[in-house]
Amino acid sequence: MSQQLNELQNATVGMTVGVIEVLLLQPFNYAKNMTQQKQPISLNPMTMYRGVGANCINMGSCTMIQFAIGGKLKNMITGGDNSKKLTIVQEMGTGIGAGTVSALVGSPLELIMIQQQRKGGSTLATIKNIATPDNIMRGFSGAAVREALWTCGYLSIPPIVRGYLMENHPDTFKTSTEARVPASLLGGLFACYLTQPFDTVKTCMQGDIERKTYGSFSQTAKKIYGESSIPGFYRGATFRYGRMVCAVFIMDTLKEMVGPLLYPKAFE
């Protein structure tokens with residue numbers, strides 16, 4: 001999200017960045033979801049990309065919301081002064097706020113994707129199957145916490161880390177590009193391991209809309225803990241961390257490229 005762009009422009013940049021990230025990294029997401037639900041992983045690309053349409057809409061719309069709201073919050077804090085830097089708390093707060101709101105859209109869309117990955121079928125058929133008051137927001141609590149911390153991880157942590165490295169280690173990190181890799185590693189680490197337990201509970205709930213094994217959020221958490229203790233919440237974490245490091249790097253890079261490319265006058 002950029003302070004130079006308005007809400008609509010930030011939303012357009014976010015949508016573009018989110019869709020590109022999904023198309024590149026969908027196999028990581030598929031493998032993570034299957035591992036969390038103790039399901040076999042197929043190496044067939046048609047299976048791995050099952051539900052990619054819903055996921056593109058999910059990530060595109062969520063990233064659009066996150067960029068738009070995050071940018072708006074930044075402008076509110078700075079009063080529209082692009083030269084004013086946010087504090088670490090303010091930077092992280094904008095990411096958390098933006099992520100929480102985006103879960104309202106993201107949670108139902110992930111439910112569609114996960115149901116398609118488990119059962120196959122078209123997007124329309126899946127929507128008809130889950131579009132009930134009892135199912136449509138299933139897993140929302142886990143999604144809200146995860147999106148809040150994830151958005152902080154990819155929108156807020158990298159700029160903080162890059163700024164710190166360039167200011168305190170200028171001989172090693174002379175440019176933003178040189179500082180981007182360690183910033184992505186730390187952003188991905190933060191986003192993955194703090195949010196993984198919430199994501200695992202959410203994924204198990206959304207994969208079992210019949211509630212044969214997993215009930216409410218607290219019941220699902222107790223079930224996972226009872227079966228596997230703490231490690232059970234980190235099933236699929238390797239795939240998720242790999243995806244998140246790549247995603248943070250891709251999104252941190254693209255958000256600085258796509259904005260000036262689409263709206264060059266805003267950066268003059």
# chains A, B, ... in the order shown; residues from 1 in each chain; ligands from 1
$ residues_around --residues "Asp208 of chain A" --least-positions-apart "3" --cutoff "12 Å" --atoms "only C-alpha atoms" --output "compact mmCIF listing (two decimals) with C-alpha atoms, in the first residue's frame"
# COMPACT_ATOMS: atom_id res chain seq x y z
CA GLN A 37 -6.36 -32.23 6.77
CA LEU A 111 -14.12 -22.27 2.02
CA ILE A 112 -15.03 -22.67 -1.68
CA ILE A 114 -10.88 -25.99 0.15
CA GLN A 115 -14.15 -27.78 -0.63
CA GLN A 116 -13.12 -27.99 -4.29
CA GLN A 117 -9.70 -29.34 -3.33
CA ARG A 118 -11.30 -32.01 -1.16
CA LYS A 119 -14.22 -33.01 -3.37
CA ILE A 130 -22.04 -24.34 0.98
CA ASN A 135 -21.59 -22.88 6.45
CA ARG A 138 -17.38 -21.32 8.84
CA GLY A 139 -13.80 -20.77 9.99
CA VAL A 201 -8.03 -24.89 12.81
CA LYS A 202 -9.71 -22.85 10.07
CA THR A 203 -8.66 -25.26 7.31
CA CYS A 204 -9.85 -28.34 9.21
CA MET A 205 -13.21 -26.66 9.90
CA ARG A 211 -18.96 -31.52 11.02
CA LYS A 212 -18.23 -35.25 11.17
CA THR A 213 -14.84 -34.68 12.83
CA TYR A 214 -14.51 -30.95 13.51
CA GLY A 215 -17.16 -28.80 15.16
CA SER A 216 -16.74 -25.23 16.41
CA THR A 220 -11.62 -28.24 16.52
$ residues_around --residues "segment 45-59 of chain A" --least-positions-apart "5" --cutoff "7 Å" --atoms "only C-alpha atoms" --output "PyMOL selection string"
chain A and resi 18-19+22+26-27+30+106+109-110+112-113+116-117
$ residues_around --residues "Trp150 of chain A" --least-positions-apart "4" --cutoff "9 Å" --atoms "only C-alpha atoms" --output "PyMOL selection string"
chain A and resi 95-96+99+145-146+154-155+187-188+190-192+194-195+244
$ closest_residue --among "A:Thr253, A:Ser176, A:Ser218, A:Ser229" --to "Val17 of chain A" --atoms "only C-alpha atoms"
A:Thr253
$ closest_residue --among "A:Pro197, A:Pro182, A:Pro158, A:Gly93" --to "Ala143 of chain A" --atoms "only C-alpha atoms"
A:Pro197
$ select_by_dssp --residues "segment 124-183 of chain A" --states "helix (DSSP H, G or I)" --output "tab-separated table (two decimals) with all heavy atoms, in the first residue's frame"
chain	number	residue	atom	x	y	z
A	124	LEU	N	-19.46	-23.24	-9.22
A	124	LEU	CA	-20.89	-22.98	-9.00
A	124	LEU	C	-21.54	-24.08	-8.17
A	124	LEU	O	-22.35	-23.80	-7.28
A	124	LEU	CB	-21.61	-22.83	-10.34
A	124	LEU	CG	-21.35	-21.54	-11.12
A	124	LEU	CD1	-22.08	-21.56	-12.45
A	124	LEU	CD2	-21.80	-20.33	-10.30
A	125	ALA	N	-21.19	-25.32	-8.46
A	125	ALA	CA	-21.76	-26.43	-7.71
A	125	ALA	C	-21.32	-26.38	-6.24
A	125	ALA	O	-22.11	-26.66	-5.33
A	125	ALA	CB	-21.33	-27.76	-8.33
A	126	THR	N	-20.08	-25.99	-6.02
A	126	THR	CA	-19.56	-25.88	-4.65
A	126	THR	C	-20.27	-24.77	-3.90
A	126	THR	O	-20.63	-24.92	-2.73
A	126	THR	CB	-18.04	-25.63	-4.67
A	126	THR	OG1	-17.39	-26.68	-5.39
A	126	THR	CG2	-17.49	-25.59	-3.26
A	127	ILE	N	-20.47	-23.63	-4.57
A	127	ILE	CA	-21.16	-22.50	-3.93
A	127	ILE	C	-22.58	-22.90	-3.52
A	127	ILE	O	-23.03	-22.58	-2.41
A	127	ILE	CB	-21.20	-21.28	-4.88
A	127	ILE	CG1	-19.79	-20.72	-5.07
A	127	ILE	CG2	-22.13	-20.20	-4.34
A	127	ILE	CD1	-19.69	-19.64	-6.11
A	128	LYS	N	-23.28	-23.63	-4.40
A	128	LYS	CA	-24.64	-24.07	-4.08
A	128	LYS	C	-24.64	-24.98	-2.85
A	128	LYS	O	-25.56	-24.96	-2.04
A	128	LYS	CB	-25.24	-24.81	-5.27
A	128	LYS	CG	-25.59	-23.91	-6.44
A	128	LYS	CD	-26.17	-24.73	-7.58
A	128	LYS	CE	-26.50	-23.84	-8.79
A	128	LYS	NZ	-27.02	-24.65	-9.93
A	129	ASN	N	-23.59	-25.76	-2.71
A	129	ASN	CA	-23.51	-26.72	-1.62
A	129	ASN	C	-23.23	-26.06	-0.27
A	129	ASN	O	-23.67	-26.53	0.77
A	129	ASN	CB	-22.42	-27.76	-1.92
A	129	ASN	CG	-22.44	-28.92	-0.94
A	129	ASN	OD1	-23.51	-29.41	-0.57
A	129	ASN	ND2	-21.27	-29.36	-0.53
A	130	ILE	N	-22.47	-24.96	-0.29
A	130	ILE	CA	-22.04	-24.34	0.98
A	130	ILE	C	-22.80	-23.07	1.32
A	130	ILE	O	-22.64	-22.54	2.43
A	130	ILE	CB	-20.53	-24.02	0.96
A	130	ILE	CG1	-20.24	-22.91	-0.06
A	130	ILE	CG2	-19.71	-25.26	0.68
A	130	ILE	CD1	-18.84	-22.36	0.04
A	140	PHE	N	-14.40	-18.39	10.10
A	140	PHE	CA	-14.09	-16.97	10.01
A	140	PHE	C	-13.14	-16.49	11.11
A	140	PHE	O	-12.23	-15.69	10.86
A	140	PHE	CB	-15.37	-16.13	10.04
A	140	PHE	CG	-15.10	-14.65	10.18
A	140	PHE	CD1	-14.62	-13.92	9.10
A	140	PHE	CD2	-15.29	-14.00	11.39
A	140	PHE	CE1	-14.34	-12.56	9.23
A	140	PHE	CE2	-15.02	-12.65	11.52
A	140	PHE	CZ	-14.54	-11.92	10.44
A	141	SER	N	-13.34	-16.95	12.34
A	141	SER	CA	-12.51	-16.48	13.45
A	141	SER	C	-11.03	-16.75	13.20
A	141	SER	O	-10.17	-15.88	13.39
A	141	SER	CB	-12.94	-17.15	14.77
A	141	SER	OG	-14.27	-16.82	15.10
A	142	GLY	N	-10.74	-17.97	12.75
A	142	GLY	CA	-9.35	-18.31	12.44
A	142	GLY	C	-8.82	-17.49	11.29
A	142	GLY	O	-7.66	-17.05	11.31
A	143	ALA	N	-9.67	-17.26	10.28
A	143	ALA	CA	-9.25	-16.47	9.12
A	143	ALA	C	-8.95	-15.02	9.51
A	143	ALA	O	-8.00	-14.41	9.01
A	143	ALA	CB	-10.32	-16.51	8.03
A	144	ALA	N	-9.76	-14.46	10.41
A	144	ALA	CA	-9.58	-13.06	10.81
A	144	ALA	C	-8.25	-12.86	11.53
A	144	ALA	O	-7.52	-11.90	11.22
A	144	ALA	CB	-10.74	-12.62	11.71
A	145	VAL	N	-7.93	-13.75	12.47
A	145	VAL	CA	-6.65	-13.62	13.18
A	145	VAL	C	-5.49	-13.85	12.22
A	145	VAL	O	-4.50	-13.11	12.23
A	145	VAL	CB	-6.58	-14.63	14.35
A	145	VAL	CG1	-5.21	-14.58	15.02
A	145	VAL	CG2	-7.67	-14.35	15.36
A	146	ARG	N	-5.62	-14.86	11.39
A	146	ARG	CA	-4.55	-15.16	10.43
A	146	ARG	C	-4.31	-14.00	9.47
A	146	ARG	O	-3.16	-13.60	9.22
A	146	ARG	CB	-4.90	-16.42	9.63
A	146	ARG	CG	-3.77	-16.88	8.71
A	146	ARG	CD	-4.32	-17.68	7.55
A	146	ARG	NE	-5.21	-16.88	6.73
A	146	ARG	CZ	-6.06	-17.40	5.84
A	146	ARG	NH1	-6.13	-18.70	5.68
A	146	ARG	NH2	-6.83	-16.61	5.12
A	147	GLU	N	-5.37	-13.45	8.90
A	147	GLU	CA	-5.21	-12.36	7.93
A	147	GLU	C	-4.63	-11.11	8.59
A	147	GLU	O	-3.86	-10.38	7.97
A	147	GLU	CB	-6.56	-12.03	7.27
A	147	GLU	CG	-7.00	-13.03	6.23
A	147	GLU	CD	-5.98	-13.20	5.11
A	147	GLU	OE1	-5.53	-12.20	4.54
A	147	GLU	OE2	-5.64	-14.36	4.82
A	148	ALA	N	-5.02	-10.85	9.84
A	148	ALA	CA	-4.48	-9.69	10.55
A	148	ALA	C	-2.96	-9.79	10.67
A	148	ALA	O	-2.23	-8.84	10.36
A	148	ALA	CB	-5.12	-9.57	11.93
A	149	LEU	N	-2.48	-10.95	11.12
A	149	LEU	CA	-1.04	-11.13	11.31
A	149	LEU	C	-0.30	-11.31	9.99
A	149	LEU	O	0.84	-10.88	9.84
A	149	LEU	CB	-0.79	-12.32	12.25
A	149	LEU	CG	-1.33	-12.13	13.67
A	149	LEU	CD1	-1.10	-13.39	14.49
A	149	LEU	CD2	-0.68	-10.94	14.36
A	150	TRP	N	-0.94	-11.97	9.01
A	150	TRP	CA	-0.34	-12.16	7.69
A	150	TRP	C	-0.13	-10.82	7.00
A	150	TRP	O	0.93	-10.54	6.43
A	150	TRP	CB	-1.19	-13.09	6.85
A	150	TRP	CG	-1.12	-12.90	5.36
A	150	TRP	CD1	-2.13	-12.52	4.53
A	150	TRP	CD2	0.02	-13.10	4.51
A	150	TRP	NE1	-1.69	-12.45	3.23
A	150	TRP	CE2	-0.38	-12.81	3.18
A	150	TRP	CE3	1.34	-13.48	4.73
A	150	TRP	CZ2	0.48	-12.88	2.09
A	150	TRP	CZ3	2.21	-13.57	3.65
A	150	TRP	CH2	1.78	-13.27	2.35
A	151	THR	N	-1.16	-9.96	7.06
A	151	THR	CA	-1.05	-8.66	6.41
A	151	THR	C	0.03	-7.82	7.06
A	151	THR	O	0.79	-7.13	6.39
A	151	THR	CB	-2.40	-7.90	6.47
A	151	THR	OG1	-3.42	-8.75	5.95
A	151	THR	CG2	-2.35	-6.63	5.64
A	152	CYS	N	0.12	-7.92	8.37
A	152	CYS	CA	1.20	-7.24	9.09
A	152	CYS	C	2.55	-7.80	8.62
A	152	CYS	O	3.51	-7.05	8.44
A	152	CYS	CB	1.03	-7.45	10.59
A	152	CYS	SG	2.26	-6.61	11.60
A	153	GLY	N	2.60	-9.13	8.40
A	153	GLY	CA	3.85	-9.77	7.99
A	153	GLY	C	4.33	-9.35	6.61
A	153	GLY	O	5.54	-9.20	6.40
A	154	TYR	N	3.41	-9.16	5.65
A	154	TYR	CA	3.89	-8.82	4.30
A	154	TYR	C	3.83	-7.34	3.98
A	154	TYR	O	4.58	-6.86	3.12
A	154	TYR	CB	3.15	-9.65	3.24
A	154	TYR	CG	1.86	-9.08	2.70
A	154	TYR	CD1	1.86	-8.17	1.65
A	154	TYR	CD2	0.64	-9.47	3.22
A	154	TYR	CE1	0.68	-7.66	1.14
A	154	TYR	CE2	-0.55	-8.97	2.72
A	154	TYR	CZ	-0.53	-8.07	1.67
A	154	TYR	OH	-1.70	-7.57	1.17
A	155	LEU	N	2.94	-6.58	4.67
A	155	LEU	CA	2.85	-5.15	4.38
A	155	LEU	C	3.68	-4.30	5.34
A	155	LEU	O	4.22	-3.27	4.95
A	155	LEU	CB	1.40	-4.67	4.46
A	155	LEU	CG	0.51	-4.92	3.24
A	155	LEU	CD1	-0.87	-4.31	3.47
A	155	LEU	CD2	1.12	-4.34	1.97
A	156	SER	N	3.77	-4.72	6.60
A	156	SER	CA	4.39	-3.88	7.62
A	156	SER	C	5.81	-4.29	7.99
A	156	SER	O	6.69	-3.44	8.14
A	156	SER	CB	3.51	-3.88	8.88
A	156	SER	OG	2.20	-3.45	8.58
A	157	ILE	N	6.05	-5.59	8.16
A	157	ILE	CA	7.36	-6.05	8.60
A	157	ILE	C	8.48	-5.75	7.59
A	157	ILE	O	9.54	-5.22	7.96
A	157	ILE	CB	7.34	-7.56	8.93
A	157	ILE	CG1	6.34	-7.83	10.07
A	157	ILE	CG2	8.73	-8.05	9.31
A	157	ILE	CD1	6.67	-7.16	11.38
A	158	PRO	N	8.29	-6.06	6.27
A	158	PRO	CA	9.39	-5.79	5.32
A	158	PRO	C	9.87	-4.34	5.29
A	158	PRO	O	11.09	-4.11	5.32
A	158	PRO	CB	8.80	-6.24	3.98
A	158	PRO	CG	7.82	-7.30	4.35
A	158	PRO	CD	7.20	-6.82	5.63
A	159	PRO	N	8.97	-3.34	5.24
A	159	PRO	CA	9.48	-1.96	5.25
A	159	PRO	C	10.25	-1.62	6.52
A	159	PRO	O	11.24	-0.89	6.49
A	159	PRO	CB	8.20	-1.11	5.14
A	159	PRO	CG	7.20	-2.00	4.52
A	159	PRO	CD	7.51	-3.37	5.04
A	160	ILE	N	9.79	-2.16	7.66
A	160	ILE	CA	10.47	-1.91	8.93
A	160	ILE	C	11.87	-2.51	8.91
A	160	ILE	O	12.86	-1.86	9.27
A	160	ILE	CB	9.66	-2.50	10.11
A	160	ILE	CG1	8.34	-1.73	10.28
A	160	ILE	CG2	10.47	-2.45	11.40
A	160	ILE	CD1	7.38	-2.38	11.26
A	161	VAL	N	11.96	-3.78	8.47
A	161	VAL	CA	13.26	-4.47	8.44
A	161	VAL	C	14.18	-3.82	7.42
A	161	VAL	O	15.38	-3.61	7.69
A	161	VAL	CB	13.06	-5.97	8.13
A	161	VAL	CG1	14.41	-6.66	7.95
A	161	VAL	CG2	12.26	-6.64	9.24
A	162	ARG	N	13.66	-3.50	6.23
A	162	ARG	CA	14.50	-2.86	5.21
A	162	ARG	C	15.07	-1.54	5.72
A	162	ARG	O	16.25	-1.25	5.55
A	162	ARG	CB	13.70	-2.61	3.92
A	162	ARG	CG	13.43	-3.84	3.10
A	162	ARG	CD	13.14	-3.49	1.64
A	162	ARG	NE	12.22	-2.39	1.49
A	162	ARG	CZ	10.89	-2.50	1.43
A	162	ARG	NH1	10.35	-3.70	1.54
A	162	ARG	NH2	10.13	-1.45	1.28
A	163	GLY	N	14.21	-0.75	6.34
A	163	GLY	CA	14.66	0.54	6.86
A	163	GLY	C	15.72	0.38	7.93
A	163	GLY	O	16.71	1.13	7.95
A	164	TYR	N	15.52	-0.60	8.80
A	164	TYR	CA	16.50	-0.85	9.87
A	164	TYR	C	17.85	-1.27	9.30
A	164	TYR	O	18.90	-0.77	9.71
A	164	TYR	CB	15.97	-1.93	10.82
A	164	TYR	CG	16.98	-2.35	11.86
A	164	TYR	CD1	17.15	-1.62	13.04
A	164	TYR	CD2	17.80	-3.46	11.65
A	164	TYR	CE1	18.09	-1.99	13.98
A	164	TYR	CE2	18.74	-3.84	12.60
A	164	TYR	CZ	18.89	-3.10	13.76
A	164	TYR	OH	19.83	-3.46	14.69
A	165	LEU	N	17.83	-2.21	8.36
A	165	LEU	CA	19.07	-2.72	7.78
A	165	LEU	C	19.82	-1.63	7.01
A	165	LEU	O	21.04	-1.51	7.12
A	165	LEU	CB	18.77	-3.90	6.86
A	165	LEU	CG	18.26	-5.18	7.53
A	165	LEU	CD1	17.90	-6.23	6.49
A	165	LEU	CD2	19.28	-5.73	8.52
A	166	MET	N	19.10	-0.84	6.24
A	166	MET	CA	19.75	0.21	5.45
A	166	MET	C	20.29	1.34	6.33
A	166	MET	O	21.30	1.96	6.00
A	166	MET	CB	18.77	0.76	4.42
A	166	MET	CG	18.39	-0.24	3.34
A	166	MET	SD	17.01	0.30	2.30
A	166	MET	CE	17.76	1.72	1.49
A	167	GLU	N	19.62	1.58	7.45
A	167	GLU	CA	20.06	2.66	8.34
A	167	GLU	C	21.21	2.23	9.24
A	167	GLU	O	22.14	3.01	9.49
A	167	GLU	CB	18.88	3.11	9.20
A	167	GLU	CG	19.20	4.28	10.13
A	167	GLU	CD	18.00	4.75	10.92
A	167	GLU	OE1	16.85	4.49	10.48
A	167	GLU	OE2	18.20	5.38	11.97
A	168	ASN	N	21.16	0.98	9.72
A	168	ASN	CA	22.16	0.52	10.69
A	168	ASN	C	23.28	-0.29	10.08
A	168	ASN	O	24.32	-0.46	10.72
A	168	ASN	CB	21.46	-0.30	11.78
A	168	ASN	CG	20.54	0.54	12.64
A	168	ASN	OD1	20.97	1.17	13.59
A	168	ASN	ND2	19.25	0.54	12.31
A	176	SER	N	17.40	-0.74	-1.25
A	176	SER	CA	16.21	-1.47	-0.80
A	176	SER	C	16.19	-2.89	-1.37
A	176	SER	O	15.74	-3.82	-0.70
A	176	SER	CB	14.96	-0.70	-1.26
A	176	SER	OG	13.79	-1.37	-0.87
A	177	THR	N	16.68	-3.05	-2.59
A	177	THR	CA	16.70	-4.38	-3.22
A	177	THR	C	17.57	-5.35	-2.44
A	177	THR	O	17.21	-6.52	-2.25
A	177	THR	CB	17.22	-4.26	-4.67
A	177	THR	OG1	16.38	-3.37	-5.40
A	177	THR	CG2	17.23	-5.62	-5.35
A	178	GLU	N	18.73	-4.89	-1.97
A	178	GLU	CA	19.65	-5.76	-1.22
A	178	GLU	C	19.05	-6.17	0.12
A	178	GLU	O	19.34	-7.25	0.63
A	178	GLU	CB	20.98	-5.04	-1.01
A	178	GLU	CG	21.78	-4.84	-2.29
A	178	GLU	CD	23.05	-4.02	-2.06
A	178	GLU	OE1	23.14	-3.38	-0.99
A	178	GLU	OE2	23.92	-4.02	-2.94
A	179	ALA	N	18.23	-5.31	0.70
A	179	ALA	CA	17.63	-5.61	2.01
A	179	ALA	C	16.34	-6.40	1.89
A	179	ALA	O	15.79	-6.84	2.89
A	179	ALA	CB	17.37	-4.31	2.76
A	180	ARG	N	15.86	-6.61	0.66
A	180	ARG	CA	14.55	-7.23	0.48
A	180	ARG	C	14.53	-8.72	0.86
A	180	ARG	O	13.54	-9.21	1.40
A	180	ARG	CB	14.08	-7.05	-0.97
A	180	ARG	CG	12.70	-7.62	-1.25
A	180	ARG	CD	12.10	-7.10	-2.53
A	180	ARG	NE	11.52	-5.77	-2.36
A	180	ARG	CZ	11.94	-4.68	-2.98
A	180	ARG	NH1	12.95	-4.75	-3.82
A	180	ARG	NH2	11.36	-3.53	-2.76
A	181	VAL	N	15.60	-9.45	0.58
A	181	VAL	CA	15.61	-10.88	0.88
A	181	VAL	C	15.52	-11.14	2.39
A	181	VAL	O	14.65	-11.89	2.84
A	181	VAL	CB	16.85	-11.57	0.26
A	181	VAL	CG1	16.96	-13.01	0.77
A	181	VAL	CG2	16.75	-11.57	-1.25
A	182	PRO	N	16.40	-10.56	3.22
A	182	PRO	CA	16.23	-10.79	4.67
A	182	PRO	C	14.91	-10.25	5.20
A	182	PRO	O	14.32	-10.85	6.12
A	182	PRO	CB	17.43	-10.05	5.29
A	182	PRO	CG	17.92	-9.12	4.25
A	182	PRO	CD	17.61	-9.76	2.95
A	183	ALA	N	14.42	-9.18	4.63
A	183	ALA	CA	13.13	-8.64	5.06
A	183	ALA	C	12.01	-9.63	4.74
A	183	ALA	O	11.08	-9.82	5.54
A	183	ALA	CB	12.86	-7.30	4.38
$ closest_residue --among "A:Asp199, A:Asp252, A:Glu210, A:Glu91" --to "Lys74 of chain A" --atoms "only C-alpha atoms"
A:Glu91
$ residues_around --residues "Val13 of chain A" --least-positions-apart "5" --cutoff "10 Å" --atoms "only C-alpha atoms" --output "number ranges by chain"
A: 1-2, 5, 7-8, 18, 60, 63-64, 67-68, 254-263
$ closest_residue --among "A:Tyr225, A:Phe173, A:Phe233, A:Tyr241" --to "Gln36 of chain A" --atoms "only C-alpha atoms"
A:Phe233
$ residues_around --residues "Phe239 of chain A" --least-positions-apart "6" --cutoff "12 Å" --atoms "only C-alpha atoms" --output "PyMOL selection string"
chain A and resi 25-36+41+188+192-193+196+245-247
$ write_last_selection --atoms "N, CA, C and O atoms" --output "PDB file, in the first residue's frame"
ATOM      1  N   LEU A  25       2.047 -19.482  -6.920  1.00  0.00           N
ATOM      2  CA  LEU A  25       2.296 -20.276  -5.713  1.00  0.00           C
ATOM      3  C   LEU A  25       1.150 -21.197  -5.298  1.00  0.00           C
ATOM      4  O   LEU A  25       1.174 -21.755  -4.206  1.00  0.00           O
ATOM      5  N   GLN A  26       0.165 -21.411  -6.152  1.00  0.00           N
ATOM      6  CA  GLN A  26      -0.964 -22.277  -5.819  1.00  0.00           C
ATOM      7  C   GLN A  26      -0.543 -23.685  -5.364  1.00  0.00           C
ATOM      8  O   GLN A  26      -1.136 -24.230  -4.428  1.00  0.00           O
ATOM      9  N   PRO A  27       0.472 -24.323  -5.961  1.00  0.00           N
ATOM     10  CA  PRO A  27       0.864 -25.668  -5.498  1.00  0.00           C
ATOM     11  C   PRO A  27       1.260 -25.708  -4.018  1.00  0.00           C
ATOM     12  O   PRO A  27       0.962 -26.688  -3.325  1.00  0.00           O
ATOM     13  N   PHE A  28       1.930 -24.671  -3.526  1.00  0.00           N
ATOM     14  CA  PHE A  28       2.270 -24.614  -2.105  1.00  0.00           C
ATOM     15  C   PHE A  28       0.996 -24.604  -1.255  1.00  0.00           C
ATOM     16  O   PHE A  28       0.908 -25.293  -0.233  1.00  0.00           O
ATOM     17  N   ASN A  29       0.029 -23.819  -1.677  1.00  0.00           N
ATOM     18  CA  ASN A  29      -1.220 -23.687  -0.922  1.00  0.00           C
ATOM     19  C   ASN A  29      -1.987 -25.007  -0.900  1.00  0.00           C
ATOM     20  O   ASN A  29      -2.523 -25.420   0.133  1.00  0.00           O
ATOM     21  N   TYR A  30      -2.034 -25.668  -2.052  1.00  0.00           N
ATOM     22  CA  TYR A  30      -2.702 -26.968  -2.147  1.00  0.00           C
ATOM     23  C   TYR A  30      -2.052 -27.984  -1.205  1.00  0.00           C
ATOM     24  O   TYR A  30      -2.740 -28.681  -0.443  1.00  0.00           O
ATOM     25  N   ALA A  31      -0.713 -28.084  -1.244  1.00  0.00           N
ATOM     26  CA  ALA A  31       0.003 -29.063  -0.417  1.00  0.00           C
ATOM     27  C   ALA A  31      -0.200 -28.773   1.070  1.00  0.00           C
ATOM     28  O   ALA A  31      -0.365 -29.696   1.877  1.00  0.00           O
ATOM     29  N   LYS A  32      -0.209 -27.508   1.424  1.00  0.00           N
ATOM     30  CA  LYS A  32      -0.426 -27.119   2.824  1.00  0.00           C
ATOM     31  C   LYS A  32      -1.814 -27.551   3.289  1.00  0.00           C
ATOM     32  O   LYS A  32      -1.967 -28.144   4.364  1.00  0.00           O
ATOM     33  N   ASN A  33      -2.827 -27.258   2.493  1.00  0.00           N
ATOM     34  CA  ASN A  33      -4.202 -27.595   2.868  1.00  0.00           C
ATOM     35  C   ASN A  33      -4.403 -29.094   3.014  1.00  0.00           C
ATOM     36  O   ASN A  33      -5.083 -29.567   3.934  1.00  0.00           O
ATOM     37  N   MET A  34      -3.850 -29.877   2.105  1.00  0.00           N
ATOM     38  CA  MET A  34      -3.994 -31.327   2.172  1.00  0.00           C
ATOM     39  C   MET A  34      -3.279 -31.904   3.395  1.00  0.00           C
ATOM     40  O   MET A  34      -3.793 -32.804   4.064  1.00  0.00           O
ATOM     41  N   THR A  35      -2.087 -31.379   3.700  1.00  0.00           N
ATOM     42  CA  THR A  35      -1.326 -31.862   4.856  1.00  0.00           C
ATOM     43  C   THR A  35      -2.061 -31.553   6.150  1.00  0.00           C
ATOM     44  O   THR A  35      -2.117 -32.386   7.059  1.00  0.00           O
ATOM     45  N   GLN A  36      -2.629 -30.365   6.266  1.00  0.00           N
ATOM     46  CA  GLN A  36      -3.358 -29.996   7.475  1.00  0.00           C
ATOM     47  C   GLN A  36      -4.547 -30.911   7.724  1.00  0.00           C
ATOM     48  O   GLN A  36      -4.884 -31.205   8.871  1.00  0.00           O
ATOM     49  N   ILE A  41      -1.410 -36.026  -1.036  1.00  0.00           N
ATOM     50  CA  ILE A  41      -1.040 -34.946  -1.951  1.00  0.00           C
ATOM     51  C   ILE A  41      -0.841 -35.521  -3.351  1.00  0.00           C
ATOM     52  O   ILE A  41      -0.084 -36.475  -3.538  1.00  0.00           O
ATOM     53  N   GLY A 188       8.040 -13.444   6.302  1.00  0.00           N
ATOM     54  CA  GLY A 188       7.425 -14.751   6.123  1.00  0.00           C
ATOM     55  C   GLY A 188       7.428 -15.569   7.402  1.00  0.00           C
ATOM     56  O   GLY A 188       6.462 -16.259   7.717  1.00  0.00           O
ATOM     57  N   CYS A 192       4.033 -16.694   9.103  1.00  0.00           N
ATOM     58  CA  CYS A 192       3.736 -18.125   9.086  1.00  0.00           C
ATOM     59  C   CYS A 192       3.519 -18.700  10.479  1.00  0.00           C
ATOM     60  O   CYS A 192       2.457 -19.236  10.794  1.00  0.00           O
ATOM     61  N   TYR A 193       4.539 -18.596  11.331  1.00  0.00           N
ATOM     62  CA  TYR A 193       4.506 -19.367  12.569  1.00  0.00           C
ATOM     63  C   TYR A 193       3.602 -18.771  13.643  1.00  0.00           C
ATOM     64  O   TYR A 193       3.111 -19.506  14.509  1.00  0.00           O
ATOM     65  N   GLN A 196       0.006 -19.938  12.018  1.00  0.00           N
ATOM     66  CA  GLN A 196      -0.215 -21.323  11.606  1.00  0.00           C
ATOM     67  C   GLN A 196      -1.277 -22.051  12.438  1.00  0.00           C
ATOM     68  O   GLN A 196      -2.145 -22.731  11.865  1.00  0.00           O
ATOM     69  N   VAL A 245       7.388 -17.035   2.331  1.00  0.00           N
ATOM     70  CA  VAL A 245       8.639 -16.326   2.021  1.00  0.00           C
ATOM     71  C   VAL A 245       8.614 -15.863   0.566  1.00  0.00           C
ATOM     72  O   VAL A 245       8.938 -14.709   0.257  1.00  0.00           O
ATOM     73  N   CYS A 246       8.220 -16.790  -0.322  1.00  0.00           N
ATOM     74  CA  CYS A 246       8.120 -16.421  -1.741  1.00  0.00           C
ATOM     75  C   CYS A 246       7.073 -15.330  -1.942  1.00  0.00           C
ATOM     76  O   CYS A 246       7.283 -14.378  -2.701  1.00  0.00           O
ATOM     77  N   ALA A 247       5.922 -15.475  -1.243  1.00  0.00           N
ATOM     78  CA  ALA A 247       4.836 -14.504  -1.405  1.00  0.00           C
ATOM     79  C   ALA A 247       5.231 -13.127  -0.900  1.00  0.00           C
ATOM     80  O   ALA A 247       4.955 -12.116  -1.545  1.00  0.00           O
TER      81      ALA A 247
END
$ closest_residue --among "A:Ile65, A:Gly97, A:Thr132, A:Thr123" --to "Thr12 of chain A" --atoms "only C-alpha atoms"
A:Ile65
$ residues_around --residues "Asn82 of chain A" --least-positions-apart "2" --cutoff "8 Å" --atoms "only C-alpha atoms" --output "list in words"
Gln3, Gln4, Thr78, Gly80, Lys84 and Lys85 of chain A
